[in-house]
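Colleague: Provided below: upload.txt, containing compact mmCIF, C-alpha atoms and all ligand atoms.
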```txt
# COMPACT_ATOMS: atom_id res chain seq x y z
CA MET A 519 17.72 -7.12 2.06
CA VAL A 520 14.60 -5.70 3.67
CA ASN A 521 11.47 -5.54 1.49
CA ALA A 522 8.78 -2.88 1.84
CA LEU A 523 5.39 -2.55 0.13
CA ILE A 524 4.08 1.02 -0.02
CA THR A 525 0.81 2.21 -1.60
CA GLY A 526 0.13 5.65 -3.13
CA THR A 527 3.74 6.41 -4.06
CA ASN A 528 3.52 8.92 -6.93
CA LYS A 529 3.53 11.99 -4.66
CA GLY A 530 3.35 13.32 -1.11
CA LEU A 531 4.20 11.07 1.82
CA GLY A 532 4.17 7.87 -0.24
CA LEU A 533 6.86 9.23 -2.56
CA GLY A 534 8.85 10.59 0.41
CA LEU A 535 8.69 7.23 2.20
CA THR A 536 9.70 5.39 -0.99
CA LYS A 537 12.76 7.63 -1.50
CA SER A 538 13.86 7.25 2.13
CA PHE A 539 13.53 3.48 2.22
CA LEU A 540 15.44 3.16 -1.08
CA ASP A 541 18.21 5.36 0.38
CA LYS A 542 18.31 3.00 3.36
CA GLY A 543 18.90 0.02 1.05
CA TYR A 544 15.39 -1.45 1.15
CA LYS A 545 13.83 -3.06 -1.89
CA VAL A 546 10.55 -1.18 -2.39
CA PHE A 547 7.43 -2.59 -4.04
CA ALA A 548 5.57 0.63 -4.82
CA THR A 549 2.01 0.96 -6.06
CA CYS A 550 0.58 4.01 -7.73
CA ARG A 551 -2.77 4.71 -9.34
CA LYS A 552 -1.56 6.26 -12.63
CA MET A 553 1.95 5.98 -14.06
CA ALA A 554 1.21 9.06 -16.17
CA LYS A 555 1.16 11.04 -12.89
CA ALA A 556 4.29 9.37 -11.51
CA LYS A 557 7.20 11.03 -13.29
CA GLU A 558 9.37 11.34 -10.15
CA LEU A 559 8.74 7.70 -9.29
CA GLU A 560 9.72 6.68 -12.84
CA THR A 561 12.97 8.65 -12.53
CA LEU A 562 13.66 6.97 -9.18
CA SER A 563 13.24 3.56 -10.80
CA LYS A 564 16.10 4.45 -13.19
CA THR A 565 18.34 5.29 -10.22
CA PHE A 566 17.34 2.09 -8.38
CA PRO A 567 16.54 -0.38 -11.20
CA ASN A 568 16.91 -3.49 -9.03
CA LYS A 569 15.44 -2.05 -5.86
CA LEU A 570 12.29 -0.24 -6.98
CA LYS A 571 9.45 -2.25 -8.48
CA ILE A 572 6.31 -0.36 -9.50
CA LEU A 573 2.74 -1.57 -9.97
CA GLU A 574 0.02 0.63 -11.44
CA VAL A 575 -3.15 -0.13 -9.50
CA ASP A 576 -6.19 1.73 -8.24
CA VAL A 577 -6.59 0.44 -4.68
CA VAL A 578 -10.39 0.42 -5.02
CA ALA A 579 -10.43 -1.64 -8.23
CA PRO A 580 -12.25 -4.97 -7.69
CA ASN A 581 -9.07 -6.95 -8.49
CA ALA A 582 -6.63 -4.68 -6.59
CA GLY A 583 -5.77 -7.28 -3.93
CA GLU A 584 -5.17 -9.98 -6.55
CA SER A 585 -3.02 -7.61 -8.66
CA ILE A 586 -0.84 -6.74 -5.67
CA SER A 587 -0.54 -10.39 -4.70
CA ASN A 588 0.52 -11.30 -8.29
CA PHE A 589 2.98 -8.38 -8.26
CA LEU A 590 4.66 -9.64 -5.06
CA LYS A 591 4.62 -13.33 -6.01
CA ASP A 592 6.49 -15.22 -3.24
CA GLU A 593 8.55 -12.25 -2.03
CA PRO A 594 8.61 -11.83 1.74
CA ILE A 595 7.37 -8.39 2.82
CA ASP A 596 9.00 -7.10 6.01
CA LEU A 597 7.14 -3.82 6.10
CA PHE A 598 3.74 -2.89 4.67
CA LEU A 599 2.88 0.80 4.62
CA ASN A 600 -0.72 1.48 3.69
CA ASN A 601 -0.32 5.11 2.68
CA ALA A 602 -2.81 5.70 -0.18
CA GLY A 603 -5.64 7.83 1.11
CA THR A 604 -8.06 10.56 0.15
CA ILE A 605 -9.65 13.43 2.03
CA GLY A 606 -12.70 13.54 -0.27
CA LEU A 607 -14.53 16.64 -1.33
CA ARG A 608 -13.90 19.72 0.80
CA GLY A 609 -17.47 20.36 2.05
CA GLN A 610 -17.88 17.82 4.88
CA GLY A 611 -19.70 19.86 7.50
CA PHE A 612 -23.11 19.06 9.01
CA GLY A 613 -25.69 19.51 6.24
CA GLN A 614 -23.17 19.02 3.42
CA VAL A 615 -22.47 15.28 3.46
CA THR A 616 -23.52 13.13 0.48
CA THR A 617 -23.68 9.34 0.28
CA SER A 618 -21.59 9.10 -2.88
CA ASP A 619 -18.63 11.11 -1.56
CA TRP A 620 -18.70 9.28 1.78
CA LEU A 621 -18.68 5.88 0.06
CA GLU A 622 -15.78 6.86 -2.23
CA VAL A 623 -13.69 7.92 0.77
CA LEU A 624 -14.57 4.79 2.77
CA LYS A 625 -13.57 2.59 -0.18
CA VAL A 626 -10.06 4.12 -0.33
CA ASN A 627 -9.35 4.81 3.36
CA LEU A 628 -11.12 1.92 5.05
CA ILE A 629 -12.07 -0.99 2.78
CA ALA A 630 -9.02 -1.14 0.48
CA PRO A 631 -6.50 -1.29 3.37
CA LEU A 632 -8.18 -4.38 4.84
CA LEU A 633 -8.67 -6.11 1.46
CA ILE A 634 -5.03 -5.50 0.51
CA SER A 635 -3.93 -6.79 3.93
CA GLN A 636 -5.95 -9.97 3.38
CA SER A 637 -4.32 -10.52 0.00
CA ILE A 638 -0.70 -10.05 1.16
CA ILE A 639 -0.77 -11.76 4.53
CA GLU A 640 1.33 -14.71 3.33
CA ASN A 641 4.04 -12.34 2.11
CA ILE A 642 4.05 -10.54 5.48
CA SER A 643 4.17 -13.85 7.35
CA LYS A 644 7.32 -14.77 5.37
CA GLY A 645 9.02 -11.46 6.26
CA SER A 646 11.52 -11.22 9.10
CA GLU A 647 10.24 -7.89 10.52
CA LYS A 648 6.50 -8.55 10.15
CA LYS A 649 5.30 -4.94 10.47
CA MET A 650 2.13 -3.36 9.08
CA PHE A 651 1.59 0.41 9.33
CA PHE A 652 -1.58 2.23 8.34
CA LEU A 653 -1.46 5.96 7.68
CA SER A 654 -4.32 7.19 9.81
CA SER A 655 -4.97 10.69 11.10
CA LYS A 656 -5.30 12.40 14.46
CA VAL A 657 -8.68 13.67 13.25
CA GLY A 658 -9.81 10.03 13.43
CA SER A 659 -9.21 9.98 17.19
CA ILE A 660 -12.56 10.14 19.02
CA ALA A 661 -10.81 11.24 22.22
CA ASP A 662 -9.14 14.13 20.38
CA ASN A 663 -12.28 15.39 18.59
CA SER A 664 -13.10 18.80 20.03
CA GLY A 665 -13.71 20.47 16.66
CA GLY A 666 -16.62 18.42 15.32
CA GLY A 667 -17.48 18.38 11.60
CA MET A 668 -15.35 16.77 8.88
CA TYR A 669 -17.70 13.78 8.97
CA VAL A 670 -16.45 11.94 5.90
CA TYR A 671 -12.67 11.96 6.39
CA ARG A 672 -12.81 11.73 10.21
CA SER A 673 -15.11 8.71 10.21
CA SER A 674 -13.03 6.92 7.55
CA LYS A 675 -9.91 7.17 9.71
CA THR A 676 -11.79 6.30 12.93
CA ALA A 677 -13.06 3.15 11.24
CA LEU A 678 -9.58 2.40 9.87
CA ASN A 679 -8.29 2.60 13.45
CA GLN A 680 -10.80 -0.08 14.45
CA VAL A 681 -9.54 -2.26 11.56
CA VAL A 682 -5.98 -1.77 12.83
CA LYS A 683 -7.04 -2.82 16.33
CA SER A 684 -8.78 -5.99 15.09
CA LEU A 685 -5.85 -6.90 12.83
CA SER A 686 -3.48 -6.47 15.78
CA VAL A 687 -5.54 -8.97 17.79
CA ASP A 688 -6.03 -11.42 14.90
CA LEU A 689 -2.38 -11.38 13.78
CA LEU A 690 -0.72 -11.47 17.21
CA GLY A 691 -0.37 -15.24 16.95
CA ASN A 692 1.58 -14.74 13.69
CA ARG A 693 3.87 -12.26 15.56
CA ILE A 694 2.85 -9.45 13.17
CA SER A 695 2.84 -5.87 14.55
CA VAL A 696 -0.03 -3.71 13.32
CA VAL A 697 0.07 0.02 14.04
CA ALA A 698 -1.87 3.18 13.11
CA LEU A 699 0.38 6.15 12.33
CA HIS A 700 -0.41 9.88 12.20
CA PRO A 701 2.12 11.59 9.90
CA GLY A 702 1.57 15.08 11.38
CA TRP A 703 -0.04 17.92 9.47
CA VAL A 704 2.18 17.80 6.40
CA ARG A 705 2.67 20.11 3.39
CA THR A 706 1.39 17.79 0.65
CA ASP A 707 -1.49 18.15 -1.81
CA MET A 708 -3.74 16.84 0.96
CA GLY A 709 -2.25 18.83 3.86
CA GLY A 710 -1.99 22.07 1.86
CA PRO A 711 0.69 24.78 1.90
CA ASN A 712 -0.12 26.02 5.42
CA ALA A 713 0.50 22.66 7.09
CA LEU A 714 2.98 22.59 9.97
CA ILE A 715 5.74 20.26 8.77
CA SER A 716 7.58 19.22 5.60
CA ILE A 717 7.41 15.79 3.98
CA GLU A 718 11.04 15.19 5.05
CA GLU A 719 10.30 15.95 8.75
CA SER A 720 7.25 13.68 8.72
CA VAL A 721 9.01 10.83 6.91
CA SER A 722 12.07 10.96 9.14
CA GLY A 723 9.83 10.90 12.26
CA MET A 724 7.71 8.03 10.92
CA ILE A 725 10.79 5.99 10.01
CA GLY A 726 11.99 6.45 13.60
CA VAL A 727 8.66 5.10 14.90
CA ILE A 728 8.70 2.22 12.39
CA SER A 729 12.22 1.15 13.33
CA ARG A 730 11.49 1.32 17.09
CA THR A 731 8.21 -0.63 16.82
CA THR A 732 8.17 -4.12 18.27
CA LEU A 733 5.39 -6.60 18.91
CA THR A 734 4.73 -4.89 22.28
CA ASP A 735 3.47 -1.85 20.30
CA THR A 736 0.93 -3.74 18.24
CA GLY A 737 -2.58 -2.28 18.32
CA LYS A 738 -1.35 1.24 19.15
CA PHE A 739 -1.82 4.62 17.46
CA PHE A 740 1.37 6.73 17.19
CA ASN A 741 2.13 10.28 16.15
CA TYR A 742 5.11 10.72 13.79
CA ASP A 743 7.16 11.95 16.77
CA GLY A 744 6.60 8.68 18.65
CA LYS A 745 3.95 9.95 21.11
CA GLU A 746 0.98 7.64 21.54
CA ILE A 747 -2.41 9.07 20.43
CA PRO A 748 -5.57 8.02 22.31
CA TRP A 749 -8.09 6.20 20.15
P1 LIG B 801 -1.63 13.15 -1.10
O1 LIG B 801 -0.47 14.00 -1.41
O2 LIG B 801 -3.00 13.58 -1.47
O3 LIG B 801 -1.34 11.67 -1.68
C1 LIG B 801 -2.30 10.66 -1.55
C2 LIG B 801 -1.81 9.43 -2.29
O4 LIG B 801 -2.84 8.42 -2.23
C3 LIG B 801 -1.56 9.71 -3.79
O5 LIG B 801 -0.48 8.95 -4.23
C4 LIG B 801 -2.85 9.23 -4.42
O6 LIG B 801 -2.74 8.89 -5.80
C5 LIG B 801 -3.11 7.99 -3.57
N1 LIG B 801 -4.47 7.51 -3.77
C6 LIG B 801 -5.63 8.11 -3.47
N2 LIG B 801 -6.67 7.36 -3.89
C7 LIG B 801 -6.14 6.26 -4.48
C8 LIG B 801 -6.68 5.12 -5.13
N3 LIG B 801 -8.01 4.94 -5.26
N4 LIG B 801 -5.82 4.18 -5.60
C9 LIG B 801 -4.50 4.33 -5.48
N5 LIG B 801 -3.91 5.40 -4.90
C10 LIG B 801 -4.74 6.35 -4.41
O7 LIG B 801 -1.73 12.87 0.49
P2 LIG B 801 -0.61 12.69 1.61
O8 LIG B 801 -0.64 13.90 2.45
O9 LIG B 801 0.66 12.21 1.02
O10 LIG B 801 -1.31 11.53 2.48
C11 LIG B 801 -0.82 10.21 2.60
C12 LIG B 801 -1.55 9.53 3.74
O11 LIG B 801 -1.37 10.27 4.97
C13 LIG B 801 -3.07 9.46 3.53
O12 LIG B 801 -3.56 8.21 3.99
C14 LIG B 801 -3.60 10.58 4.42
O13 LIG B 801 -4.94 10.38 4.84
C15 LIG B 801 -2.61 10.56 5.57
N6 LIG B 801 -2.53 11.84 6.31
C16 LIG B 801 -2.02 12.96 5.73
C17 LIG B 801 -1.93 14.15 6.47
C18 LIG B 801 -1.35 15.41 5.92
O14 LIG B 801 -1.33 16.43 6.63
N7 LIG B 801 -0.84 15.44 4.70
C19 LIG B 801 -2.40 14.17 7.80
C20 LIG B 801 -2.93 13.01 8.35
C21 LIG B 801 -2.98 11.84 7.60
P3 LIG B 801 -3.28 9.93 -6.95
O15 LIG B 801 -2.22 10.99 -7.09
O16 LIG B 801 -3.44 9.06 -8.14
O17 LIG B 801 -4.58 10.49 -6.43
```
Just dump the structure as structure tokens.
Modeller:
Amino acid sequence: MVNALITGTNKGLGLGLTKSFLDKGYKVFATCRKMAKAKELETLSKTFPNKLKILEVDVVAPNAGESISNFLKDEPIDLFLNNAGTIGLRGQGFGQVTTSDWLEVLKVNLIAPLLISQSIIENISKGSEKKMFFLSSKVGSIADNSGGGMYVYRSSKTALNQVVKSLSVDLLGNRISVVALHPGWVRTDMGGPNALISIEESVSGMIGVISRTTLTDTGKFFNYDGKEIPW
């Protein structure tokens, strides 16, 4: 059995990824911030009682890494998908940025992914696939930034990309692949109703990328359709 750990699974892409990996026969260790907002996930756990394990955790809580590590115990993790993320408050143009909103977004999108990675590295090392994927965003690409603005969210994903790159270098000796993944512009609460693609299209594309990824792809940034994105 292949084991996956996915964060932010009560809705959107995290829920879509959880459903798809369960359908593929994976055992999924799913984290979500509030069970009270996770009705669909709860229903799924009745359909897959032995294959879906849920932990309620806020990824920015001081003990989040320890809680996730205790949740996994000695289980090998073949695939880690750091999906939980936030866009922050809507006004992020020049002249609108505040310290408190920026820090909140950096905690979720940048700091938590590295701290969680540090706390689960033994589980990943025991896995047979040894893959770590971080949901980034094309708006975090410096090369692709022709629109300006969006300081808070953009910079959080740019910095996450740098974390991905360093992890890929540091974990190469452990034969762990570390990749940044853009899911497309997707119709979720974050992407909004006018986004270009459905959750199903994004998830199916991302699963294609995940299954094709080998150690030769470590340290790269991929679109959900498999095209490489410049940093
Ligand atoms: P979403 O529908 O807003 O879902 C975000 C998920 O992250 C929710 O489960 C949310 O839980 C969780 N989360 C946020 N803060 C958290 C915290 N402190 N602790 C635990 N969980 C937390 O967004 P989405 O569209 O599915 O996005 C998933 C990922 O894809 C994000 O990393 C996002 O940046 C990235 N992405 C999305 C798009 C897009 O077009 N949708 C494009 C590029 C990148 P709550 O419900 O409790 O808040």
Colleague: May I ask for the distance between CA of Pro594 in chain A and CA of Arg551 in chain A, given in Å to one decimal place?
Modeller: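 According to the coordinates, CA of Pro594 in chain A and CA of Arg551 in chain A are separated by 22.9 Å.
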Colleague: Per residue of chain A within 7 Å of ligand LIG 801 (chain B), which atom pair is closest and at what distance in Å (one decimal), using only C-alpha atoms and all ligand atoms, listed by chain and increasing number, as a Markdown table?
Modeller:
```
| residue | atom | partner | partner_atom | distance |
| --- | --- | --- | --- | --- |
| A:Thr525 | CA | B:LIG801 | N5 | 6.6 |
| A:Gly526 | CA | B:LIG801 | O5 | 3.5 |
| A:Thr527 | CA | B:LIG801 | O5 | 4.9 |
| A:Asn528 | CA | B:LIG801 | O5 | 4.8 |
| A:Lys529 | CA | B:LIG801 | O5 | 5.1 |
| A:Gly530 | CA | B:LIG801 | O9 | 3.6 |
| A:Leu531 | CA | B:LIG801 | O9 | 3.8 |
| A:Gly532 | CA | B:LIG801 | O9 | 5.7 |
| A:Cys550 | CA | B:LIG801 | N5 | 5.5 |
| A:Arg551 | CA | B:LIG801 | C9 | 4.2 |
| A:Lys552 | CA | B:LIG801 | O16 | 5.6 |
| A:Lys555 | CA | B:LIG801 | O15 | 6.7 |
| A:Val575 | CA | B:LIG801 | C9 | 6.2 |
| A:Asp576 | CA | B:LIG801 | N4 | 3.6 |
| A:Val577 | CA | B:LIG801 | N4 | 3.9 |
| A:Val578 | CA | B:LIG801 | N3 | 5.1 |
| A:Asn601 | CA | B:LIG801 | O12 | 4.7 |
| A:Ala602 | CA | B:LIG801 | O4 | 3.4 |
| A:Gly603 | CA | B:LIG801 | O12 | 3.6 |
| A:Thr604 | CA | B:LIG801 | C6 | 5.0 |
| A:Ile605 | CA | B:LIG801 | O13 | 6.3 |
| A:Val626 | CA | B:LIG801 | N3 | 5.4 |
| A:Asn627 | CA | B:LIG801 | O12 | 6.7 |
| A:Leu653 | CA | B:LIG801 | O12 | 4.8 |
| A:Ser654 | CA | B:LIG801 | C21 | 5.3 |
| A:Ser655 | CA | B:LIG801 | C20 | 4.1 |
| A:Lys656 | CA | B:LIG801 | C20 | 6.6 |
| A:His700 | CA | B:LIG801 | C20 | 5.6 |
| A:Pro701 | CA | B:LIG801 | C20 | 5.5 |
| A:Gly702 | CA | B:LIG801 | C19 | 5.4 |
| A:Trp703 | CA | B:LIG801 | O14 | 3.5 |
| A:Val704 | CA | B:LIG801 | O14 | 3.8 |
| A:Arg705 | CA | B:LIG801 | N7 | 6.0 |
| A:Thr706 | CA | B:LIG801 | O1 | 4.7 |
| A:Asp707 | CA | B:LIG801 | O1 | 4.3 |
| A:Met708 | CA | B:LIG801 | O2 | 4.1 |
| A:Gly709 | CA | B:LIG801 | N7 | 3.8 |
| A:Ala713 | CA | B:LIG801 | O14 | 6.5 |
```
Colleague: Could you tell me how far CA of Lys738 in chain A lies from CA of Glu718 in chain A, in Å and to one decimal?
Modeller: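 So the two atoms, CA of Lys738 in chain A and CA of Glu718 in chain A, lie 23.4 Å apart.
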Colleague: Taking only C-alpha atoms into account, name the residue in A:Val546, A:Val696, A:Met668, A:Val520 that is nearest to Phe612 in chain A.
Modeller: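 So, comparing all the options, the nearest one is A:Met668.
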Colleague: Would you mind telling me which residue in A:Met724, A:Val670, A:Leu597, A:Ala582 lies nearest to Gly609 in chain A when using only C-alpha atoms?
Modeller: A:Val670
Colleague: Could you give me, as a PyMOL selection string, the residues that have an atom at most 6 Å away from the point (-6.0, 9.6, 20.5) in the coordinates of the file, using only C-alpha atoms?
Modeller: chain A and resi 659+661-662+747-749
Colleague: Write the residues of the selection above to a file with C-alpha atoms, as a CSV table (one decimal), in the frame of the given file.
Modeller:
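The result, stored in again_28.csv:
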```
chain,number,residue,atom,x,y,z
A,659,SER,CA,-9.2,10.0,17.2
A,661,ALA,CA,-10.8,11.2,22.2
A,662,ASP,CA,-9.1,14.1,20.4
A,747,ILE,CA,-2.4,9.1,20.4
A,748,PRO,CA,-5.6,8.0,22.3
A,749,TRP,CA,-8.1,6.2,20.2
```
Colleague: For Ile524 in chain A, which residue among A:Leu685, A:Ile595, A:Leu562, A:Val727 is the nearest when counting all atoms listed in the file?
Modeller: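 Of A:Leu685, A:Ile595, A:Leu562, A:Val727, the one nearest Ile524 in chain A, counting all atoms listed in the file, is A:Ile595.
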Colleague: Show me as an MDAnalysis selection string the residues that reach within 12 Å of (-9.3, -5.6, 3.3), counting all atoms listed in the file and using the file's own coordinates.
Modeller: chainID A and resid 577:578 580:584 600 624:639 678 681:682 684:685
Colleague: Can you work out the spacing between CA of Ser722 in chain A and CA of Gly710 in chain A in Å, to one decimal?
Modeller: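 Between CA of Ser722 in chain A and CA of Gly710 in chain A the gap works out to 19.3 Å.
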Colleague: Using all atoms of range 687-701 of chain A that appear in the file, construct an axis-aligned enclosing box with 4 Å of padding on every side and provide its centre coordinates and edge lengths in Å, rounded to one decimal, as JSON.
Modeller:
```
{"center_x": -1.1, "center_y": -1.8, "center_z": 13.8, "size_x": 17.9, "size_y": 34.8, "size_z": 15.9}
```
Colleague: Excluding Glu647 in chain A and any residue of its chain fewer than 5 positions from it, enumerate the residues within 10 Å of it, using all atoms listed in the file, and give them as a list in words.
Modeller: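 Those residues are Val520, Asn521, Pro594, Ile595, Asp596, Leu597, Ile642, Arg693, Ile694, Ser695, Ser729, Thr731, Thr732 and Leu733 of chain A.
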Colleague: Pick the closest to Gly613 in chain A from A:Ala548, A:Tyr669, A:Lys557, A:Val721: which is it, counting all atoms listed in the file?
Modeller: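 Closest to Gly613 in chain A, using all atoms listed in the file: A:Tyr669.
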Colleague: Given only C-alpha atoms as the basis, pick out the residue of A:Thr536, A:Ser643, A:Ser720, A:Asn741 nearest to Leu689 in chain A.
Modeller: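 Distance minimum relative to Leu689 in chain A lands on A:Ser643.
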Colleague: So which one's closest to Ser716 in chain A, A:Gly534, A:Glu560, A:Gln680, A:Pro567? Using only C-alpha atoms, please.
Modeller: A:Gly534
Colleague: Reconstruct N, CA and C atoms of range 707-725 of chain A; output as a compact mmCIF listing (two decimals), in the coordinates of the input.
Modeller:
```txt
# COMPACT_ATOMS: atom_id res chain seq x y z
N ASP A 707 -0.24 17.71 -1.16
CA ASP A 707 -1.49 18.15 -1.81
C ASP A 707 -2.65 18.06 -0.83
N MET A 708 -2.65 17.00 0.00
CA MET A 708 -3.74 16.84 0.96
C MET A 708 -3.62 17.84 2.12
N GLY A 709 -2.45 17.96 2.68
CA GLY A 709 -2.25 18.83 3.86
C GLY A 709 -2.30 20.31 3.54
N GLY A 710 -1.96 20.67 2.28
CA GLY A 710 -1.99 22.07 1.86
C GLY A 710 -0.72 22.82 2.25
N PRO A 711 -0.55 24.03 1.69
CA PRO A 711 0.69 24.78 1.90
C PRO A 711 0.86 25.33 3.31
N ASN A 712 -0.23 25.45 4.07
CA ASN A 712 -0.12 26.02 5.42
C ASN A 712 0.12 24.98 6.51
N ALA A 713 0.28 23.72 6.10
CA ALA A 713 0.50 22.66 7.09
C ALA A 713 1.78 22.92 7.87
N LEU A 714 1.92 22.25 9.01
CA LEU A 714 2.98 22.59 9.97
C LEU A 714 4.36 22.03 9.62
N ILE A 715 4.41 20.87 8.98
CA ILE A 715 5.74 20.26 8.77
C ILE A 715 5.94 19.83 7.32
N SER A 716 7.23 19.64 6.97
CA SER A 716 7.58 19.22 5.60
C SER A 716 7.45 17.70 5.48
N ILE A 717 7.44 17.24 4.24
CA ILE A 717 7.41 15.79 3.98
C ILE A 717 8.64 15.13 4.63
N GLU A 718 9.80 15.79 4.52
CA GLU A 718 11.04 15.19 5.05
C GLU A 718 10.95 15.01 6.57
N GLU A 719 10.42 16.05 7.28
CA GLU A 719 10.30 15.95 8.75
C GLU A 719 9.36 14.81 9.13
N SER A 720 8.24 14.72 8.41
CA SER A 720 7.25 13.68 8.72
C SER A 720 7.84 12.29 8.46
N VAL A 721 8.48 12.15 7.29
CA VAL A 721 9.01 10.83 6.91
C VAL A 721 10.11 10.41 7.88
N SER A 722 10.98 11.34 8.24
CA SER A 722 12.07 10.96 9.14
C SER A 722 11.50 10.56 10.51
N GLY A 723 10.46 11.28 10.99
CA GLY A 723 9.83 10.90 12.26
C GLY A 723 9.17 9.53 12.15
N MET A 724 8.42 9.31 11.06
CA MET A 724 7.71 8.03 10.92
C MET A 724 8.69 6.87 10.82
N ILE A 725 9.81 7.08 10.13
CA ILE A 725 10.79 5.99 10.01
C ILE A 725 11.38 5.66 11.39
```
